[in-house]
Amino acid sequence: MNRFFVEDIGPDRATITGEDLKHLSAVLRLKKGDKVMLSDGKGSECQGEIERVEPGRAQVKTGPWRPCISEPHHKLTLFQCLPKAGKMEVILQKCTELGINALVPTLSARCVVQPGKDFDKKLQRYRKVAREAAMQSHRGWIPEVLPLVELKKADLSIFDTVYVAYEGEKETSLKAAMGERPGRRIALFVGPEGGFEPDEVQSLVEKDARPVSLGPRILRTETAGMAMVAQILFELGE
Ligand code: SAM
């Protein structure tokens with residue numbers, strides 16, 4: 001069944017507008033009486049029936065709202081150090097499909113790309129990518145794309161566990177580190193193309209982060225986050 005995110009939700013009706021309306025009417029050619037799945041983008045979903053399609057909006061009669069079954073119980077936040085052009089969108093798209101809860105673009109010493117004045121525009125673009133990927137992968141939650149942080153200033157106090165994918169870590173694998181159950185709120189750090197400076201890893205360790213190896217092969221920065229998210233949710237049975 002086709003799925004849409006809706007912001008305009010009443011007690012027993014919801015309204016689809018904007019790009020989603022175009023998709024609903026022009027591409028899918030849905031009409032009165034067709035069934036759709038709706039999600040509020042915050043973890044709840046319901047089945048609905050289209051009552052009316054008119055210029056500018058479609059009105060849907062909604063059934064009971066319930067927690068979205070495709071959402072992982074564990075909440076993963078990916079701190080991704082800025083990669084070279086275009087890669088952040090791929091990382092965000094794939095990690096949304098895999099199940100992240102949020103992405104934090106992160107500036108570290110070896111980032112080749114600097115954020116620049118137009119970074120707010122990039123954030124808007126990333127939020128659109130997250131929404132589209134969440135819709136395509138039948139998520140009930142649109143991952144948040146948070147403002148840029150500098151690695152050493154990241155506030156990690158809300159997380160139960162923080163894993164840093166560190167190419168210099170030779171002893172502790174992610175699987176071994178997960179032997180101690182990680183809790184529900186998990187942060188992941190992935191370095192840029194040039195990797196982490198040792199003192200950056202040390203600054204995260206001082207905030208209780210665990211450096212982990214992702215194996216004997218060095219993954220590209222755009223592969224590392226996806227591999228980590230997939231492995232963590234697999235190990236947690238999600
Ligand atoms: N320039 C670094 C080097 O030559 O060792 C490699 C950096 S790697 C391309 C980019 C990021 O991906 C790393 O900083 C790390 O976060 C993650 N990464 C890639 N492979 C990894 C591995 N085998 N173990 C842990 N982290 C890895």
# chains A, B, ... in the order shown; residues from 1 in each chain; ligands from 1
$ residues_around --residues "Arg181 (chain A)" --least-positions-apart "3" --cutoff "12 Å" --atoms "only C-alpha atoms" --output "VMD selection string"
chain A and resid 74 160 to 162 174 to 178 184 to 186 232 235 to 236
$ residues_around --residues "region 187-197 of chain A" --least-positions-apart "2" --cutoff "8 Å" --atoms "only C-alpha atoms" --output "VMD selection string"
chain A and resid 76 to 84 108 to 112 156 159 161 to 167 185 199 to 201 220 to 221 224 to 225 228
$ select_by_dssp --residues "region 61-201 of chain A" --states "helix (DSSP H, G or I)" --output "short mmCIF file (atom, residue, chain, number, x, y, z; two decimals) with C-alpha atoms, in the first residue's frame"
data_model
loop_
_atom_site.label_atom_id
_atom_site.label_comp_id
_atom_site.auth_asym_id
_atom_site.auth_seq_id
_atom_site.Cartn_x
_atom_site.Cartn_y
_atom_site.Cartn_z
CA LYS A 87 28.66 11.50 -0.29
CA MET A 88 26.66 12.80 2.69
CA GLU A 89 23.43 12.36 0.73
CA VAL A 90 24.28 8.75 -0.08
CA ILE A 91 25.22 8.06 3.55
CA LEU A 92 22.02 9.64 4.79
CA GLN A 93 19.83 7.83 2.27
CA LYS A 94 21.31 4.40 2.99
CA CYS A 95 21.50 4.83 6.75
CA THR A 96 17.86 6.00 6.78
CA GLU A 97 16.88 2.80 4.98
CA LEU A 98 18.90 0.83 7.52
CA PHE A 119 25.65 24.88 4.78
CA ASP A 120 22.10 25.70 5.94
CA LYS A 121 20.92 25.09 2.39
CA LYS A 122 22.70 21.74 2.46
CA LEU A 123 20.92 20.88 5.71
CA GLN A 124 17.59 21.61 4.03
CA ARG A 125 18.57 19.36 1.15
CA TYR A 126 19.67 16.60 3.56
CA ARG A 127 16.32 16.80 5.38
CA LYS A 128 14.55 16.27 2.06
CA VAL A 129 16.77 13.27 1.33
CA ALA A 130 15.96 11.80 4.77
CA ARG A 131 12.23 12.27 4.21
CA GLU A 132 12.28 10.64 0.77
CA ALA A 133 14.38 7.72 1.98
CA ALA A 134 12.12 7.24 5.02
CA MET A 135 9.05 7.18 2.78
CA GLN A 136 10.62 4.74 0.33
CA LEU A 151 33.83 16.82 16.97
CA LYS A 152 35.50 17.90 20.20
CA LYS A 153 32.46 19.97 21.24
CA LEU A 174 32.30 -3.69 17.31
CA LYS A 175 30.82 -7.13 18.03
CA ALA A 176 33.04 -7.57 21.11
CA ALA A 177 32.21 -4.07 22.38
CA PRO A 198 44.49 10.27 17.73
CA ASP A 199 43.70 13.19 20.05
CA GLU A 200 40.19 13.39 18.62
CA VAL A 201 39.60 9.76 19.54
#
$ atom_distance --atom1 "atom 24 (N, counted along the ligand's line) of ligand 1" --atom2 "CA of Thr106 (chain A)"
18.3 Å
$ closest_residue --among "A:Asn101, A:Ser70, A:Thr172, A:Ser203" --to "ligand 1" --atoms "only C-alpha atoms and all ligand atoms"
A:Thr172
$ select_by_dssp --residues "region 5-232 of chain A" --states "strand (DSSP E)" --output "ChimeraX atom specification"
/A:5,8-9,13-16,35-39,44-54,57-62,66-67,75-81,102-107,144-145,149-150,161-165,185-190,210-212
$ closest_atom_pairs --of "region 89-171 of chain A" --to "region 29-44 of chain A" --cutoff "10 Å" --atoms "only C-alpha atoms" --output "CSV"
residue,atom,partner,partner_atom,distance
A:Arg131,CA,A:Gly41,CA,8.4
A:Ala134,CA,A:Gly41,CA,8.5
A:Met135,CA,A:Ser39,CA,9.0
A:His138,CA,A:Ser39,CA,9.1
A:Arg139,CA,A:Gly41,CA,7.9
A:Gly140,CA,A:Gly43,CA,4.5
A:Trp141,CA,A:Gly41,CA,4.3
A:Ile142,CA,A:Gly41,CA,5.0
A:Pro143,CA,A:Gly41,CA,8.5
A:Glu144,CA,A:Lys42,CA,10.0
$ atom_distance --atom1 "atom 23 (N, counted along the ligand's line) of ligand 1" --atom2 "CA of Gln231 (chain A)"
13.3 Å
$ closest_residue --among "A:Leu21, A:Ala227, A:Val113, A:Leu233" --to "ligand 1" --atoms "only C-alpha atoms and all ligand atoms"
A:Ala227
$ closest_residue --among "A:Arg3, A:Arg210, A:Lys170, A:Lys61" --to "ligand 1" --atoms "only C-alpha atoms and all ligand atoms"
A:Lys170
$ residues_around --residues "Glu54 (chain A)" --least-positions-apart "4" --cutoff "12 Å" --atoms "only C-alpha atoms" --output "list of chain:residue names"
A:Thr15, A:Ile16, A:Thr17, A:Leu21, A:Lys22, A:Leu24, A:Ser25, A:Ala26, A:Leu30, A:Lys31, A:Lys32, A:Ile50, A:Ala58, A:Gln59, A:Val60
$ atom_distance --atom1 "CA of Glu180 (chain A)" --atom2 "CA of Ile158 (chain A)"
18.2 Å
$ closest_residue --among "A:Asp8, A:Pro67, A:Val229, A:Met1" --to "Ala102 (chain A)" --atoms "only C-alpha atoms"
A:Val229
